[in-house]
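Shown next: entry10.csv, containing CSV, C-alpha atoms and all ligand atoms.
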```csv
chain,number,residue,atom,x,y,z
Y,1,MET,CA,-40.3,-9.9,58.1
Y,2,MET,CA,-39.3,-8.8,54.6
Y,3,LYS,CA,-36.5,-9.2,52.2
Y,4,ILE,CA,-35.3,-5.6,51.2
Y,5,GLY,CA,-32.8,-4.3,48.7
Y,6,PHE,CA,-31.0,-1.2,50.0
Y,7,VAL,CA,-28.8,1.1,47.9
Y,8,GLY,CA,-26.8,4.0,49.4
Y,9,LEU,CA,-25.1,3.3,52.7
Y,10,GLY,CA,-23.8,6.7,53.7
Y,11,ASN,CA,-24.2,8.9,56.8
Y,12,MET,CA,-28.0,8.3,56.7
Y,13,GLY,CA,-28.4,5.1,54.7
Y,14,ALA,CA,-26.0,3.0,56.8
Y,15,PRO,CA,-27.7,3.5,60.2
Y,16,MET,CA,-31.2,3.2,58.5
Y,17,ALA,CA,-30.1,-0.1,57.0
Y,18,ARG,CA,-28.8,-1.2,60.4
Y,19,ASN,CA,-32.1,-0.5,62.0
Y,20,LEU,CA,-33.9,-2.6,59.4
Y,21,LEU,CA,-31.6,-5.5,60.2
Y,22,LYS,CA,-32.3,-5.0,63.9
Y,23,ALA,CA,-36.1,-5.0,63.1
Y,24,GLY,CA,-35.5,-8.5,61.7
Y,25,HIS,CA,-35.6,-7.8,58.0
Y,26,ALA,CA,-33.2,-9.5,55.5
Y,27,LEU,CA,-31.1,-7.0,53.5
Y,28,GLN,CA,-29.3,-7.1,50.1
Y,29,VAL,CA,-27.2,-4.0,50.1
Y,30,PHE,CA,-25.2,-2.0,47.5
Y,31,ASP,CA,-23.0,1.1,47.6
Y,32,VAL,CA,-20.2,2.2,45.3
Y,33,SER,CA,-18.0,2.6,48.3
Y,34,ALA,CA,-16.6,-0.8,49.2
Y,35,SER,CA,-16.0,0.2,52.9
Y,36,ALA,CA,-19.6,1.4,53.3
Y,37,LEU,CA,-20.7,-2.0,51.9
Y,38,GLN,CA,-18.3,-3.9,54.2
Y,39,THR,CA,-19.7,-2.2,57.3
Y,40,LEU,CA,-23.2,-3.4,56.6
Y,41,VAL,CA,-22.0,-6.9,55.7
Y,42,GLU,CA,-20.4,-7.0,59.2
Y,43,ALA,CA,-23.8,-6.0,60.6
Y,44,GLY,CA,-25.5,-9.0,58.9
Y,45,ALA,CA,-26.5,-7.8,55.5
Y,46,GLN,CA,-25.7,-9.6,52.2
Y,47,ALA,CA,-23.6,-7.7,49.8
Y,48,ALA,CA,-24.9,-7.2,46.2
Y,49,ALA,CA,-22.6,-6.5,43.2
Y,50,SER,CA,-24.9,-3.8,41.7
Y,51,PRO,CA,-28.2,-2.0,42.3
Y,52,LYS,CA,-29.7,-4.6,39.9
Y,53,ALA,CA,-28.5,-7.5,42.1
Y,54,ALA,CA,-29.7,-5.7,45.3
Y,55,ALA,CA,-33.2,-5.4,43.7
Y,56,THR,CA,-33.4,-9.0,42.6
Y,57,ASP,CA,-35.7,-11.3,44.5
Y,58,VAL,CA,-36.8,-8.8,47.2
Y,59,GLU,CA,-40.1,-7.4,48.4
Y,60,TYR,CA,-39.0,-3.8,48.7
Y,61,VAL,CA,-36.2,-1.6,47.4
Y,62,MET,CA,-34.9,1.4,49.4
Y,63,THR,CA,-32.6,4.1,48.1
Y,64,MET,CA,-30.8,6.8,50.1
Y,65,LEU,CA,-28.5,8.7,47.7
Y,66,PRO,CA,-27.0,12.2,47.5
Y,67,ALA,CA,-29.0,13.7,44.7
Y,68,ALA,CA,-31.5,13.1,41.8
Y,69,ALA,CA,-28.7,12.3,39.3
Y,70,HIS,CA,-27.5,9.4,41.6
Y,71,VAL,CA,-31.1,8.1,42.0
Y,72,ARG,CA,-31.5,8.2,38.2
Y,73,SER,CA,-28.4,6.2,37.5
Y,74,VAL,CA,-29.2,3.7,40.3
Y,75,LEU,CA,-32.7,3.2,38.9
Y,76,THR,CA,-32.1,3.3,35.1
Y,77,GLY,CA,-28.5,2.2,34.6
Y,78,ASP,CA,-27.8,-1.1,32.8
Y,79,ASP,CA,-27.1,-2.6,36.2
Y,80,GLY,CA,-29.9,-0.6,37.8
Y,81,VAL,CA,-32.8,-1.4,40.1
Y,82,LEU,CA,-35.4,-1.3,37.3
Y,83,ALA,CA,-33.4,-4.0,35.4
Y,84,GLY,CA,-33.5,-6.4,38.3
Y,85,ILE,CA,-36.8,-5.8,40.0
Y,86,ALA,CA,-39.9,-8.1,39.8
Y,87,ARG,CA,-43.3,-6.7,38.9
Y,88,GLY,CA,-45.2,-5.4,41.9
Y,89,VAL,CA,-42.2,-4.7,44.1
Y,90,THR,CA,-42.3,-1.1,45.6
Y,91,ILE,CA,-39.3,1.3,45.4
Y,92,VAL,CA,-39.0,3.7,48.3
Y,93,ASP,CA,-36.6,6.6,47.8
Y,94,SER,CA,-35.6,8.5,50.9
Y,95,SER,CA,-33.0,10.8,49.3
Y,96,THR,CA,-33.9,14.5,49.3
Y,97,ILE,CA,-34.5,15.4,45.6
Y,98,ASP,CA,-36.8,17.6,43.6
Y,99,PRO,CA,-40.5,16.7,43.2
Y,100,ALA,CA,-40.3,16.8,39.4
Y,101,SER,CA,-37.7,14.1,39.3
Y,102,VAL,CA,-39.8,12.0,41.6
Y,103,LYS,CA,-42.7,12.1,39.2
Y,104,ALA,CA,-40.4,11.2,36.3
Y,105,PHE,CA,-39.0,8.2,38.2
Y,106,ALA,CA,-42.5,7.1,39.3
Y,107,ALA,CA,-43.7,7.1,35.7
Y,108,LEU,CA,-40.7,5.0,34.6
Y,109,ALA,CA,-41.3,2.5,37.5
Y,110,GLN,CA,-45.0,2.4,36.8
Y,111,GLN,CA,-44.4,1.4,33.1
Y,112,GLN,CA,-43.0,-1.9,34.4
Y,113,GLY,CA,-45.5,-2.4,37.1
Y,114,ASN,CA,-43.7,-1.0,40.1
Y,115,ALA,CA,-44.8,1.7,42.5
Y,116,PHE,CA,-42.2,4.5,43.3
Y,117,VAL,CA,-42.8,6.2,46.6
Y,118,ASP,CA,-40.9,9.3,47.8
Y,119,ALA,CA,-40.2,9.2,51.5
Y,120,PRO,CA,-37.6,11.9,52.4
Y,121,VAL,CA,-36.7,12.2,56.1
Y,122,SER,CA,-36.0,14.7,58.8
Y,123,GLY,CA,-34.1,14.1,62.0
Y,124,GLY,CA,-30.6,14.0,60.7
Y,125,THR,CA,-27.9,11.4,61.4
Y,126,GLY,CA,-28.9,11.3,65.1
Y,127,GLY,CA,-32.5,10.4,64.2
Y,128,ALA,CA,-31.2,7.8,61.7
Y,129,VAL,CA,-29.1,6.1,64.3
Y,130,ALA,CA,-31.8,6.3,67.0
Y,131,GLY,CA,-34.5,5.1,64.6
Y,132,THR,CA,-36.6,8.2,65.3
Y,133,LEU,CA,-36.7,9.8,61.8
Y,134,THR,CA,-39.8,11.5,60.4
Y,135,PHE,CA,-40.7,10.1,57.0
Y,136,MET,CA,-42.7,12.4,54.6
Y,137,VAL,CA,-44.4,9.9,52.3
Y,138,GLY,CA,-45.7,10.7,48.8
Y,139,GLY,CA,-47.8,8.1,47.0
Y,140,SER,CA,-51.3,6.6,47.0
Y,141,ALA,CA,-53.1,5.6,50.2
Y,142,SER,CA,-52.4,2.0,49.4
Y,143,ASP,CA,-48.7,2.7,48.7
Y,144,TYR,CA,-48.5,4.4,52.1
Y,145,GLU,CA,-50.1,1.5,54.0
Y,146,ARG,CA,-47.7,-0.9,52.2
Y,147,VAL,CA,-44.5,1.0,53.1
Y,148,LYS,CA,-45.5,2.1,56.6
Y,149,PRO,CA,-44.5,-1.1,58.4
Y,150,VAL,CA,-41.0,-1.1,56.7
Y,151,LEU,CA,-40.4,2.6,57.4
Y,152,SER,CA,-41.5,2.1,61.1
Y,153,GLY,CA,-38.3,0.1,61.6
Y,154,MET,CA,-36.3,3.3,60.9
Y,155,GLY,CA,-38.6,6.2,62.1
Y,156,ARG,CA,-41.1,7.3,64.7
Y,157,ASN,CA,-43.4,9.5,62.5
Y,158,ILE,CA,-44.5,8.1,59.2
Y,159,VAL,CA,-46.7,10.9,57.6
Y,160,HIS,CA,-48.7,10.5,54.4
Y,161,CYS,CA,-48.3,13.9,52.7
Y,162,GLY,CA,-50.4,13.1,49.6
Y,163,ASP,CA,-49.7,12.0,46.0
Y,164,THR,CA,-46.3,11.1,44.5
Y,165,GLY,CA,-43.9,14.0,45.0
Y,166,THR,CA,-45.6,15.6,48.0
Y,167,GLY,CA,-43.2,14.0,50.5
Y,168,GLN,CA,-40.4,16.1,48.8
Y,169,VAL,CA,-42.7,19.1,48.7
Y,170,ALA,CA,-43.1,18.9,52.5
Y,171,LYS,CA,-39.4,18.4,53.0
Y,172,ILE,CA,-38.2,21.3,50.9
Y,173,CYS,CA,-40.9,23.7,52.1
Y,174,ASN,CA,-40.0,23.0,55.7
Y,175,ASN,CA,-36.3,23.5,55.0
Y,176,LEU,CA,-37.0,26.7,53.1
Y,177,VAL,CA,-38.6,28.1,56.3
Y,178,LEU,CA,-35.8,26.7,58.4
Y,179,GLY,CA,-33.1,28.4,56.3
Y,180,ILE,CA,-35.0,31.7,56.5
Y,181,THR,CA,-35.7,31.6,60.2
Y,182,MET,CA,-32.1,30.7,61.1
Y,183,ALA,CA,-30.9,33.7,59.1
Y,184,GLY,CA,-33.6,35.9,60.8
Y,185,VAL,CA,-32.6,34.8,64.3
Y,186,ALA,CA,-28.9,35.3,63.4
Y,187,GLU,CA,-29.6,38.8,62.2
Y,188,GLY,CA,-31.6,39.7,65.3
Y,189,MET,CA,-29.1,38.2,67.7
Y,190,ALA,CA,-26.2,40.0,66.0
Y,191,LEU,CA,-28.0,43.3,66.0
Y,192,GLY,CA,-28.8,42.9,69.7
Y,193,GLU,CA,-25.1,42.2,70.4
Y,194,ALA,CA,-24.1,45.3,68.4
Y,195,LEU,CA,-26.6,47.4,70.3
Y,196,GLY,CA,-25.3,46.2,73.7
Y,197,ILE,CA,-27.8,43.7,75.1
Y,198,ASP,CA,-26.7,40.5,76.8
Y,199,PRO,CA,-27.4,37.7,74.2
Y,200,GLN,CA,-28.7,35.4,76.9
Y,201,VAL,CA,-31.3,38.0,77.9
Y,202,LEU,CA,-32.2,38.7,74.3
Y,203,ALA,CA,-32.6,35.0,73.5
Y,204,GLY,CA,-34.7,34.6,76.7
Y,205,ILE,CA,-37.1,37.4,75.6
Y,206,MET,CA,-37.3,36.0,72.0
Y,207,ASN,CA,-38.1,32.5,73.3
Y,208,THR,CA,-41.0,33.7,75.4
Y,209,SER,CA,-42.1,36.2,72.7
Y,210,THR,CA,-43.2,36.2,69.1
Y,211,GLY,CA,-39.8,35.7,67.7
Y,212,ARG,CA,-39.6,32.2,69.1
Y,213,CYS,CA,-38.9,29.3,66.7
Y,214,TRP,CA,-36.7,26.2,66.6
Y,215,SER,CA,-33.8,28.4,65.3
Y,216,SER,CA,-34.1,30.6,68.5
Y,217,ASP,CA,-35.0,28.1,71.2
Y,218,THR,CA,-33.2,24.9,70.2
Y,219,CYS,CA,-30.4,25.7,67.8
Y,220,ASN,CA,-29.8,29.4,68.6
Y,221,PRO,CA,-26.9,30.6,66.5
Y,222,PHE,CA,-25.3,32.7,69.2
Y,223,PRO,CA,-22.5,30.7,71.0
Y,224,GLY,CA,-23.3,29.8,74.6
Y,225,VAL,CA,-27.0,30.7,74.6
Y,226,ILE,CA,-28.1,27.1,74.2
Y,227,GLY,CA,-25.6,24.7,75.6
Y,228,SER,CA,-26.6,21.8,73.4
Y,229,ALA,CA,-26.7,23.8,70.2
Y,230,PRO,CA,-23.9,23.4,67.5
Y,231,ALA,CA,-23.1,27.2,68.1
Y,232,SER,CA,-21.8,26.2,71.6
Y,233,ARG,CA,-19.3,23.7,70.2
Y,234,GLY,CA,-17.8,25.6,67.3
Y,235,TYR,CA,-20.7,24.9,64.9
Y,236,THR,CA,-19.7,21.2,64.6
Y,237,GLY,CA,-22.3,18.4,64.2
Y,238,GLY,CA,-25.8,19.5,63.4
Y,239,PHE,CA,-27.0,20.2,59.9
Y,240,GLY,CA,-24.3,21.1,57.5
Y,241,THR,CA,-24.4,24.4,55.6
Y,242,ASP,CA,-23.9,22.6,52.3
Y,243,LEU,CA,-26.9,20.4,52.9
Y,244,MET,CA,-29.0,23.5,53.7
Y,245,LEU,CA,-27.7,25.0,50.5
Y,246,LYS,CA,-28.7,21.9,48.6
Y,247,ASP,CA,-32.3,22.0,50.0
Y,248,LEU,CA,-32.7,25.7,49.3
Y,249,GLY,CA,-31.5,25.1,45.7
Y,250,LEU,CA,-34.3,22.4,45.4
Y,251,ALA,CA,-36.8,24.8,46.8
Y,252,THR,CA,-35.9,27.7,44.5
Y,253,ASP,CA,-35.7,25.4,41.5
Y,254,ALA,CA,-39.2,24.0,42.3
Y,255,ALA,CA,-40.5,27.5,42.8
Y,256,LYS,CA,-39.2,28.5,39.4
Y,257,LEU,CA,-41.1,25.6,37.7
Y,258,ALA,CA,-44.2,26.6,39.6
Y,259,ARG,CA,-43.7,30.3,38.7
Y,260,GLN,CA,-44.0,31.0,42.5
Y,261,PRO,CA,-41.8,33.8,44.1
Y,262,VAL,CA,-39.6,32.9,47.0
Y,263,PHE,CA,-38.1,36.3,47.9
Y,264,LEU,CA,-36.6,35.3,51.2
Y,265,GLY,CA,-35.6,31.8,50.2
Y,266,ALA,CA,-33.6,33.1,47.3
Y,267,LEU,CA,-31.8,35.6,49.7
Y,268,ALA,CA,-31.2,32.9,52.3
Y,269,GLN,CA,-29.8,30.7,49.5
Y,270,GLN,CA,-27.2,33.4,48.7
Y,271,LEU,CA,-26.2,33.8,52.4
Y,272,TYR,CA,-25.5,30.0,52.7
Y,273,GLN,CA,-23.8,30.1,49.3
Y,274,ALA,CA,-21.5,32.9,50.6
Y,275,MET,CA,-20.6,30.8,53.6
Y,276,SER,CA,-19.9,27.7,51.5
Y,277,THR,CA,-17.7,29.7,49.1
Y,278,ASP,CA,-15.8,31.0,52.2
Y,279,GLY,CA,-15.0,27.4,53.2
Y,280,ALA,CA,-17.7,27.0,55.9
Y,281,GLY,CA,-19.8,24.5,54.0
Y,282,LYS,CA,-19.2,21.7,56.5
Y,283,LEU,CA,-20.1,23.9,59.6
Y,284,ASP,CA,-23.7,23.8,61.0
Y,285,PHE,CA,-25.9,26.2,59.1
Y,286,SER,CA,-26.4,28.3,62.2
Y,287,ALA,CA,-22.8,29.6,61.5
Y,288,VAL,CA,-24.7,32.0,59.2
Y,289,ILE,CA,-24.4,34.4,62.1
Y,290,LYS,CA,-20.7,34.8,61.3
Y,291,LEU,CA,-21.8,36.8,58.3
Y,292,TYR,CA,-23.3,39.4,60.7
Y,293,ARG,CA,-21.0,39.5,63.7
Y,294,ARG,CA,-18.0,41.8,63.7
Y,295,GLU,CA,-14.8,39.8,63.9
Y,296,ALA,CA,-13.7,41.3,67.2
Y,297,ASP,CA,-17.1,40.3,68.8
Y,298,ALA,CA,-17.0,36.8,67.2
Y,299,ALA,CA,-13.5,36.0,68.4
Y,301,LIG,P1,-23.9,10.5,52.0
Y,301,LIG,O1,-23.1,11.2,50.9
Y,301,LIG,O2,-23.3,10.3,53.3
Y,301,LIG,O3,-24.3,9.0,51.5
Y,301,LIG,C1,-24.6,8.8,50.1
Y,301,LIG,C2,-24.2,7.3,49.8
Y,301,LIG,O4,-24.6,7.0,48.5
Y,301,LIG,C3,-22.6,7.2,49.9
Y,301,LIG,O5,-22.3,6.1,50.7
Y,301,LIG,C4,-22.3,7.0,48.4
Y,301,LIG,O6,-21.1,6.1,48.3
Y,301,LIG,C5,-23.5,6.3,47.9
Y,301,LIG,N1,-23.7,6.4,46.4
Y,301,LIG,C6,-23.5,7.5,45.6
Y,301,LIG,N2,-23.7,7.2,44.3
Y,301,LIG,C7,-24.1,5.9,44.3
Y,301,LIG,C8,-24.4,4.9,43.3
Y,301,LIG,N3,-24.5,5.3,42.0
Y,301,LIG,N4,-24.7,3.7,43.7
Y,301,LIG,C9,-24.7,3.3,45.0
Y,301,LIG,N5,-24.3,4.1,46.0
Y,301,LIG,C10,-24.0,5.4,45.7
Y,301,LIG,O7,-25.3,11.3,52.1
Y,301,LIG,P2,-26.3,11.2,53.4
Y,301,LIG,O8,-25.9,12.3,54.4
Y,301,LIG,O9,-26.5,9.8,53.8
Y,301,LIG,O10,-27.6,11.8,52.7
Y,301,LIG,C11,-28.4,11.0,51.8
Y,301,LIG,C12,-29.6,11.8,51.4
Y,301,LIG,O11,-30.4,12.1,52.6
Y,301,LIG,C13,-29.3,13.1,50.7
Y,301,LIG,O12,-30.3,13.3,49.7
Y,301,LIG,C14,-29.5,14.1,51.8
Y,301,LIG,O13,-29.9,15.4,51.3
Y,301,LIG,C15,-30.6,13.5,52.6
Y,301,LIG,N6,-30.6,13.9,54.0
Y,301,LIG,C16,-29.5,14.0,54.8
Y,301,LIG,C17,-29.5,14.3,56.1
Y,301,LIG,C18,-28.2,14.4,56.9
Y,301,LIG,O14,-28.3,15.0,58.0
Y,301,LIG,N7,-27.1,13.8,56.4
Y,301,LIG,C19,-30.7,14.6,56.7
Y,301,LIG,C20,-31.9,14.5,56.0
Y,301,LIG,C21,-31.8,14.1,54.6
```
Mind converting the file's structure to structure tokens?
Ligand code: NAD
Amino acid sequence: MMKIGFVGLGNMGAPMARNLLKAGHALQVFDVSASALQTLVEAGAQAAASPKAAATDVEYVMTMLPAAAHVRSVLTGDDGVLAGIARGVTIVDSSTIDPASVKAFAALAQQQGNAFVDAPVSGGTGGAVAGTLTFMVGGSASDYERVKPVLSGMGRNIVHCGDTGTGQVAKICNNLVLGITMAGVAEGMALGEALGIDPQVLAGIMNTSTGRCWSSDTCNPFPGVIGSAPASRGYTGGFGTDLMLKDLGLATDAAKLARQPVFLGALAQQLYQAMSTDGAGKLDFSAVIKLYRREADAA
């Protein structure tokens, strides 16, 4: 059993930290939100007064923060992780951020004898609570072997993607495809409706034909087609449009750095941007179908 510093106790970090406690690890936790901190203290963690304090006298440090700017300040601030951590302690960041920032953070950590491993997750808050997340790990083979037992307390699939940064590459490329396929299924379902086919019949054909994908057979955007999909409960729960928008932004930014075209990704980004601007940022991203359906049909 390990002593772990954990920074960032939000929708994902709090249940992940709770699962580490359940697995028998001792946790020193920090969050800027006092109530988030208190919830974990009640679950058995020890509160730390700063990221530095959370990283002092531990064997691992985990971070689960909104974006790269937060990771940078938690790592490099005067009261940051790098100011408190001992040589040889591994930092695992599970936030979804850009691969270039990961490499910069890894270089900073390495300068003082610490490995920095990117391990973004898929599986959402449900997977975080159930301890069934997939971790996409970027780092050396030995980094991977070292972090695997800790990550196993929070996830089911712990996949080594390659060198530092490739965990984020896997995450943003997958979500690029997801953002595009959801828009594609929405477009097809809305066209079918406009042309007069029963959506249930159309989805059934798609799901036994070449259009089949997760966006059609598990999270179909047309209300009522899949009972358990967010579309069938007013697009609540699921994966928020603003989070999809964030991930598509990371993908298009990374593509720009690599001078690689992402024609459909850029278009999908604009669709989710339009939704967010219209106030639908908190709805499941499958609500993208509202951009296609005529108001009278969608009512
Ligand atoms: P969240 O906003 O719920 O939680 C972030 C937490 O970080 C908050 O508690 C906040 O108070 C804390 N925080 C912010 N700045 C801080 C600082 N300087 N020091 C300490 N704590 C600080 O976000 P989340 O949904 O838990 O997501 C975390 C990361 O996981 C994001 O990068 C997100 O893209 C990614 N992710 C989220 C989901 C999801 O379904 N929510 C799924 C996969 C990946």
Query - Near-ligand residues for ligand LIG 301 (chain Y), threshold 7 Å, all atoms listed in the file, as a VMD selection string - result: chain Y and resid 7 to 13 30 to 33 36 51 64 to 67 70 73 to 74 94 to 97 120 to 125 239 243
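Restricting the calculation to all atoms listed in the file, the smallest distance between Pro230 of chain Y and any of Y:Leu245, Y:Ala287, Y:Ala47, Y:Ala190 is found for Y:Ala287.
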**Report entry** Of the listed residues Y:Leu178, Y:Ala17, Y:Ile226, Y:Met189, that which approaches Cys213 of chain Y most closely, counting only C-alpha atoms
**Finding:** Y:Leu178
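Shortest atom-to-atom contact with Thr76 of chain Y among Y:Lys3, Y:Lys52, Y:Gly138, Y:Ala231: Y:Lys52, counting all atoms listed in the file.
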Query raised in the report: Expressed in Å to a single decimal, how great is the separation between atom CA of Phe116 of chain Y and atom CA of Ile91 of chain Y?
Result: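 For atom CA of Phe116 of chain Y relative to atom CA of Ile91 of chain Y, the distance reads 4.8 Å.
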Query raised in the report: What lies within 12 Å of Glu145 of chain Y using only C-alpha atoms, ignoring chain neighbours under 5 positions off, as a count of residues only?
Result: 12
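Here atom CA of Gly84 of chain Y stands at a distance of 6.4 Å from atom CA of Ala53 of chain Y.
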Requested in this report: Would you mind telling me which residue in Y:Ser228, Y:Thr132, Y:Asn207, Y:Thr164 lies nearest to Gln110 of chain Y when using only C-alpha atoms?
Outcome: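 Among the listed residues, Y:Thr164 lies closest to Gln110 of chain Y.
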Report task. Rounded to one decimal place, report the atom CA of Ile289 of chain Y-atom CA of Ala186 of chain Y distance in Å. Result ->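 Computing it gives 4.8 Å between the two atoms.
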Query - Using only C-alpha atoms: which of Y:Leu248, Y:Leu176, Y:Ala130, Y:Ala69 has the shortest distance to Gly155 of chain Y - result: Y:Ala130
